[in-house]
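File shown: structure.pdb (PDB, C-alpha atoms, pLDDT in the B column).
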ATOM      1  CA  MET N   1       0.000   0.000   0.000  1.00 76.00           C
ATOM      2  CA  THR N   2       1.064   3.558  -0.587  1.00 81.00           C
ATOM      3  CA  ASP N   3       1.865   5.852   2.315  1.00 83.00           C
ATOM      4  CA  ASN N   4      -1.319   7.897   1.759  1.00 84.00           C
ATOM      5  CA  THR N   5      -3.443   4.747   1.857  1.00 83.00           C
ATOM      6  CA  ARG N   6      -1.701   3.498   4.995  1.00 85.00           C
ATOM      7  CA  HIS N   7      -2.243   6.873   6.632  1.00 84.00           C
ATOM      8  CA  LEU N   8      -5.923   6.790   5.652  1.00 82.00           C
ATOM      9  CA  VAL N   9      -6.316   3.244   7.022  1.00 85.00           C
ATOM     10  CA  VAL N  10      -4.714   4.301  10.316  1.00 86.00           C
ATOM     11  CA  GLU N  11      -6.933   7.393  10.574  1.00 82.00           C
ATOM     12  CA  MET N  12     -10.066   5.365   9.880  1.00 83.00           C
ATOM     13  CA  SER N  13      -8.976   2.625  12.299  1.00 85.00           C
ATOM     14  CA  ILE N  14      -8.567   5.208  15.042  1.00 85.00           C
ATOM     15  CA  GLY N  15     -12.069   6.491  14.315  1.00 83.00           C
ATOM     16  CA  MET N  16     -13.434   2.941  14.338  1.00 86.00           C
ATOM     17  CA  LEU N  17     -11.703   2.271  17.668  1.00 88.00           C
ATOM     18  CA  PHE N  18     -13.250   5.459  19.080  1.00 87.00           C
ATOM     19  CA  TYR N  19     -16.693   4.273  17.882  1.00 86.00           C
ATOM     20  CA  THR N  20     -16.142   0.885  19.535  1.00 88.00           C
ATOM     21  CA  VAL N  21     -14.940   2.408  22.812  1.00 90.00           C
ATOM     22  CA  VAL N  22     -17.966   4.738  22.939  1.00 89.00           C
ATOM     23  CA  LEU N  23     -20.268   1.744  22.440  1.00 89.00           C
ATOM     24  CA  ALA N  24     -18.354  -0.228  25.088  1.00 91.00           C
ATOM     25  CA  VAL N  25     -18.714   2.626  27.581  1.00 93.00           C
ATOM     26  CA  LEU N  26     -22.447   2.811  26.827  1.00 91.00           C
ATOM     27  CA  ALA N  27     -22.712  -0.963  27.325  1.00 89.00           C
ATOM     28  CA  VAL N  28     -21.071  -0.668  30.745  1.00 90.00           C
ATOM     29  CA  VAL N  29     -23.195   2.338  31.731  1.00 90.00           C
ATOM     30  CA  PHE N  30     -26.412   0.605  30.719  1.00 88.00           C
ATOM     31  CA  LYS N  31     -25.465  -2.885  31.872  1.00 84.00           C
ATOM     32  CA  GLY N  32     -28.512  -3.098  34.156  1.00 83.00           C
ATOM     33  CA  GLY N  33     -30.886  -2.437  31.283  1.00 82.00           C
ATOM     34  CA  MET N  34     -29.001  -4.845  29.044  1.00 78.00           C
ATOM     35  CA  ALA N  35     -29.213  -7.522  31.735  1.00 78.00           C
ATOM     36  CA  ARG N  36     -32.993  -7.059  31.939  1.00 82.00           C
ATOM     37  CA  MET N  37     -33.139  -7.648  28.163  1.00 81.00           C
ATOM     38  CA  GLY N  38     -30.991 -10.782  28.475  1.00 77.00           C
ATOM     39  CA  PHE N  39     -27.600  -9.399  27.395  1.00 79.00           C
ATOM     40  CA  SER N  40     -24.517  -9.914  29.577  1.00 84.00           C
ATOM     41  CA  THR N  41     -21.903  -7.174  29.517  1.00 85.00           C
ATOM     42  CA  GLY N  42     -18.913  -9.474  28.959  1.00 87.00           C
ATOM     43  CA  PRO N  43     -20.156 -11.129  25.751  1.00 89.00           C
ATOM     44  CA  VAL N  44     -21.382  -7.759  24.438  1.00 88.00           C
ATOM     45  CA  LEU N  45     -17.960  -6.178  24.969  1.00 90.00           C
ATOM     46  CA  ALA N  46     -16.241  -9.197  23.400  1.00 90.00           C
ATOM     47  CA  GLY N  47     -18.607  -8.982  20.437  1.00 90.00           C
ATOM     48  CA  LEU N  48     -17.959  -5.263  19.968  1.00 90.00           C
ATOM     49  CA  PHE N  49     -14.195  -5.723  19.930  1.00 91.00           C
ATOM     50  CA  CYS N  50     -14.375  -8.808  17.662  1.00 90.00           C
ATOM     51  CA  GLY N  51     -16.494  -6.722  15.296  1.00 89.00           C
ATOM     52  CA  PHE N  52     -13.904  -3.951  15.456  1.00 91.00           C
ATOM     53  CA  ALA N  53     -11.116  -6.410  14.618  1.00 91.00           C
ATOM     54  CA  ALA N  54     -13.123  -7.780  11.683  1.00 90.00           C
ATOM     55  CA  ASP N  55     -13.852  -4.253  10.497  1.00 89.00           C
ATOM     56  CA  VAL N  56     -10.164  -3.299  10.525  1.00 90.00           C
ATOM     57  CA  ALA N  57      -9.292  -6.471   8.610  1.00 91.00           C
ATOM     58  CA  MET N  58     -11.973  -5.685   6.013  1.00 89.00           C
ATOM     59  CA  LEU N  59     -10.742  -2.083   5.748  1.00 89.00           C
ATOM     60  CA  ILE N  60      -7.169  -3.208   5.089  1.00 90.00           C
ATOM     61  CA  HIS N  61      -8.404  -5.685   2.486  1.00 90.00           C
ATOM     62  CA  MET N  62     -10.546  -3.013   0.807  1.00 89.00           C
ATOM     63  CA  ALA N  63      -7.608  -0.607   0.661  1.00 89.00           C
ATOM     64  CA  TYR N  64      -5.319  -3.241  -0.848  1.00 90.00           C
ATOM     65  CA  ILE N  65      -7.880  -4.365  -3.432  1.00 89.00           C
ATOM     66  CA  THR N  66      -8.769  -0.786  -4.381  1.00 87.00           C
ATOM     67  CA  GLU N  67      -5.118   0.103  -4.967  1.00 88.00           C
ATOM     68  CA  ARG N  68      -4.562  -3.076  -6.956  1.00 88.00           C
ATOM     69  CA  ALA N  69      -7.610  -2.330  -9.117  1.00 86.00           C
ATOM     70  CA  ALA N  70      -6.495   1.261  -9.688  1.00 85.00           C
ATOM     71  CA  ASP N  71      -2.974   0.153 -10.591  1.00 85.00           C
ATOM     72  CA  SER N  72      -4.328  -2.236 -13.219  1.00 84.00           C
ATOM     73  CA  MET N  73      -5.566   0.720 -15.332  1.00 85.00           C
ATOM     74  CA  ASP N  74      -8.251  -1.635 -16.694  1.00 83.00           C
ATOM     75  CA  GLU N  75     -11.815  -0.606 -15.867  1.00 85.00           C
ATOM     76  CA  GLY N  76     -13.307  -4.033 -16.615  1.00 86.00           C
ATOM     77  CA  TYR N  77     -10.801  -5.828 -14.399  1.00 86.00           C
ATOM     78  CA  ALA N  78     -11.228  -3.222 -11.665  1.00 86.00           C
ATOM     79  CA  ASN N  79     -15.019  -3.561 -11.625  1.00 87.00           C
ATOM     80  CA  LYS N  80     -14.973  -7.351 -11.667  1.00 90.00           C
ATOM     81  CA  SER N  81     -12.153  -7.615  -9.132  1.00 88.00           C
ATOM     82  CA  THR N  82     -13.686  -5.258  -6.595  1.00 88.00           C
ATOM     83  CA  VAL N  83     -17.132  -6.900  -6.820  1.00 90.00           C
ATOM     84  CA  ILE N  84     -15.674 -10.395  -6.409  1.00 91.00           C
ATOM     85  CA  GLN N  85     -13.450  -9.342  -3.509  1.00 90.00           C
ATOM     86  CA  SER N  86     -16.378  -7.573  -1.843  1.00 89.00           C
ATOM     87  CA  MET N  87     -18.426 -10.761  -1.995  1.00 92.00           C
ATOM     88  CA  ILE N  88     -15.499 -12.759  -0.593  1.00 92.00           C
ATOM     89  CA  ARG N  89     -15.199 -10.294   2.319  1.00 89.00           C
ATOM     90  CA  ARG N  90     -18.897 -10.650   3.091  1.00 90.00           C
ATOM     91  CA  VAL N  91     -18.827 -14.446   2.966  1.00 93.00           C
ATOM     92  CA  VAL N  92     -15.741 -14.580   5.204  1.00 92.00           C
ATOM     93  CA  PHE N  93     -17.356 -12.175   7.682  1.00 89.00           C
ATOM     94  CA  ILE N  94     -20.542 -14.242   7.797  1.00 90.00           C
ATOM     95  CA  ILE N  95     -18.514 -17.423   8.411  1.00 92.00           C
ATOM     96  CA  VAL N  96     -16.518 -15.725  11.192  1.00 88.00           C
ATOM     97  CA  LEU N  97     -19.768 -14.346  12.615  1.00 87.00           C
ATOM     98  CA  PHE N  98     -21.330 -17.813  12.750  1.00 87.00           C
ATOM     99  CA  VAL N  99     -18.214 -19.401  14.239  1.00 89.00           C
ATOM    100  CA  LEU N 100     -17.602 -16.744  16.905  1.00 85.00           C
ATOM    101  CA  GLY N 101     -21.241 -15.769  17.423  1.00 77.00           C
ATOM    102  CA  SER N 102     -22.211 -19.331  18.244  1.00 82.00           C
ATOM    103  CA  ARG N 103     -19.977 -19.174  21.321  1.00 82.00           C
ATOM    104  CA  PRO N 104     -21.661 -17.960  24.514  1.00 84.00           C
ATOM    105  CA  GLN N 105     -18.646 -15.737  25.263  1.00 87.00           C
ATOM    106  CA  ILE N 106     -19.285 -13.515  22.210  1.00 86.00           C
ATOM    107  CA  ASP N 107     -22.555 -11.772  21.393  1.00 85.00           C
ATOM    108  CA  ALA N 108     -23.237 -11.973  17.634  1.00 84.00           C
ATOM    109  CA  VAL N 109     -25.437  -8.862  17.570  1.00 84.00           C
ATOM    110  CA  ALA N 110     -22.718  -6.821  19.268  1.00 86.00           C
ATOM    111  CA  MET N 111     -20.206  -8.192  16.756  1.00 87.00           C
ATOM    112  CA  ILE N 112     -22.362  -6.930  13.880  1.00 86.00           C
ATOM    113  CA  ILE N 113     -22.764  -3.547  15.555  1.00 84.00           C
ATOM    114  CA  GLY N 114     -19.002  -3.387  16.174  1.00 85.00           C
ATOM    115  CA  ALA N 115     -18.351  -4.180  12.529  1.00 85.00           C
ATOM    116  CA  LEU N 116     -20.433  -1.175  11.462  1.00 82.00           C
ATOM    117  CA  GLY N 117     -17.740   1.181  12.755  1.00 79.00           C
ATOM    118  CA  SER N 118     -16.239   1.845   9.336  1.00 76.00           C
ATOM    119  CA  ARG N 119     -19.578   3.041   8.018  1.00 75.00           C
ATOM    120  CA  GLN N 120     -20.066   5.435  10.923  1.00 75.00           C
ATOM    121  CA  VAL N 121     -16.526   6.735  10.502  1.00 76.00           C
ATOM    122  CA  LEU N 122     -17.086   7.298   6.789  1.00 72.00           C
ATOM    123  CA  TYR N 123     -20.285   9.229   7.456  1.00 70.00           C
ATOM    124  CA  ALA N 124     -18.596  11.427  10.042  1.00 70.00           C
ATOM    125  CA  SER N 125     -15.186  11.727   8.362  1.00 67.00           C
ATOM    126  CA  ARG N 126     -16.180  14.281   5.772  1.00 65.00           C
ATOM    127  CA  LEU N 127     -17.250  16.792   8.411  1.00 63.00           C
ATOM    128  CA  PHE N 128     -14.248  16.014  10.607  1.00 61.00           C
ATOM    129  CA  THR N 129     -11.556  16.091   7.897  1.00 60.00           C
ATOM    130  CA  GLU N 130     -12.748  19.263   6.211  1.00 61.00           C
ATOM    131  CA  ARG N 131     -12.523  21.165   9.483  1.00 59.00           C
ATOM    132  CA  SER N 132      -9.533  19.477  11.097  1.00 57.00           C
ATOM    133  CA  PHE N 133      -6.981  18.600   8.421  1.00 56.00           C
ATOM    134  CA  PRO N 134      -5.095  20.741   5.930  1.00 54.00           C
ATOM    135  CA  ALA N 135      -5.651  20.311   2.190  1.00 55.00           C
ATOM    136  CA  ASP N 136      -2.789  17.804   1.847  1.00 50.00           C
ATOM    137  CA  SER N 137      -4.229  15.344   4.396  1.00 49.00           C
ATOM    138  CA  SER N 138      -4.813  11.848   3.041  1.00 51.00           C
ATOM    139  CA  CYS N 139      -8.418  11.940   4.266  1.00 47.00           C
ATOM    140  CA  VAL N 140      -9.131  15.122   2.376  1.00 44.00           C
ATOM    141  CA  ILE N 141      -7.376  13.711  -0.676  1.00 44.00           C
ATOM    142  CA  ALA N 142      -9.364  10.479  -0.440  1.00 48.00           C
ATOM    143  CA  PHE N 143     -12.764  12.005   0.277  1.00 44.00           C
ATOM    144  CA  GLY N 144     -12.349  15.315  -1.537  1.00 45.00           C
ATOM    145  CA  ARG N 145     -13.181  18.780  -0.363  1.00 42.00           C
ATOM    146  CA  ASN N 146     -16.378  20.705  -0.829  1.00 42.00           C
ATOM    147  CA  ASP N 147     -16.034  23.788  -2.996  1.00 41.00           C
ATOM    148  CA  HIS N 148     -17.016  26.089  -0.124  1.00 39.00           C
ATOM    149  CA  MET N 149     -14.250  24.548   2.061  1.00 39.00           C
ATOM    150  CA  ALA N 150     -11.646  24.839  -0.712  1.00 42.00           C
ATOM    151  CA  ALA N 151     -12.625  28.495  -1.226  1.00 40.00           C
ATOM    152  CA  GLY N 152     -12.105  29.151   2.493  1.00 41.00           C
ATOM    153  CA  ASN N 153     -15.750  29.945   3.254  1.00 38.00           C
TER     154      ASN N 153
END
Show this structure as structure tokens.
Amino acid sequence: MTDNTRHLVVEMSIGMLFYTVVLAVLAVVFKGGMARMGFSTGPVLAGLFCGFAADVAMLIHMAYITERAADSMDEGYANKSTVIQSMIRRVVFIIVLFVLGSRPQIDAVAMIIGALGSRQVLYASRLFTERSFPADSSCVIAFGRNDHMAAGN
């Protein structure tokens, strides 16, 4: 991977970790309510962090595949490759979810919620990067800048 892509993966991973920690804190704060609904705090926390680990692995794979597709300079190969690799990622995640989620020590629902961290980070990153990073930041390069931000408004 290029340095910009590595930097972007690290930035997103930090955001995903923050998302997971916030959810873990909420799980601990509301452990009484979760217990009344039948959820134990330990398996929920384990599920959140397993989901985070799966999300980081999928992010690294996506970054690698995207760079490989872009380097090919072949639109047909890029489209086919990214679709196939996306399906492989989903199948692998579902297998891991069934294997780990079937254990009583890991809550499968929490694992799915933990794995949604990259989506939440992507939704929030545009606002965060436009206000917090200079124009040469890898996040701004990857996600682009709005015209009003580039004009300094």
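Applied to the shown file, the PyMOL selection byres ((chain N and resi 56-66) around 7) selects the residues Met1, Thr5, Val9, Ser13, Phe52, Ala53, Ala54, Asp55, Glu67, Arg68, Ala69, Ala70, Thr82 and Arg89 of chain N.
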Here's the selection I'm unsure about, the PyMOL selection byres ((chain N and resi 50) around 10); applied to the file above, which residues does it give, as a count of residues only? 24
Quick one: residues within 6 Å of segment 14-20 of chain N, only C-alpha atoms, excluding same-chain residues fewer than 6 positions away - as a tab-separated table (two decimals) with C-alpha atoms, in the frame of the given file?
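selection_36.tsv, freshly written:
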chain	number	residue	atom	x	y	z
N	117	GLY	CA	-17.74	1.18	12.76
N	118	SER	CA	-16.24	1.84	9.34
N	121	VAL	CA	-16.53	6.74	10.50
Report the distance between atom CA of Gln105 of chain N and atom CA of Pro43 of chain N in Å, rounded to one decimal place. 4.9 Å
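Distance-wise, atom CA of Gly42 of chain N and atom CA of Ala24 of chain N end up 10.0 Å apart.
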As a check of understanding: the span from atom CA of Leu116 of chain N to atom CA of Met87 of chain N is 16.6 Å
The centre and edge lengths of an axis-aligned box containing all atoms of segment 75-83 of chain N present in the file, extended by 6 Å on each side, are to be given in Å to one decimal, as lines of an AutoDock Vina configuration file.
center_x = -14.0
center_y = -4.1
center_z = -11.6
size_x = 18.3
size_y = 19.0
size_z = 22.0
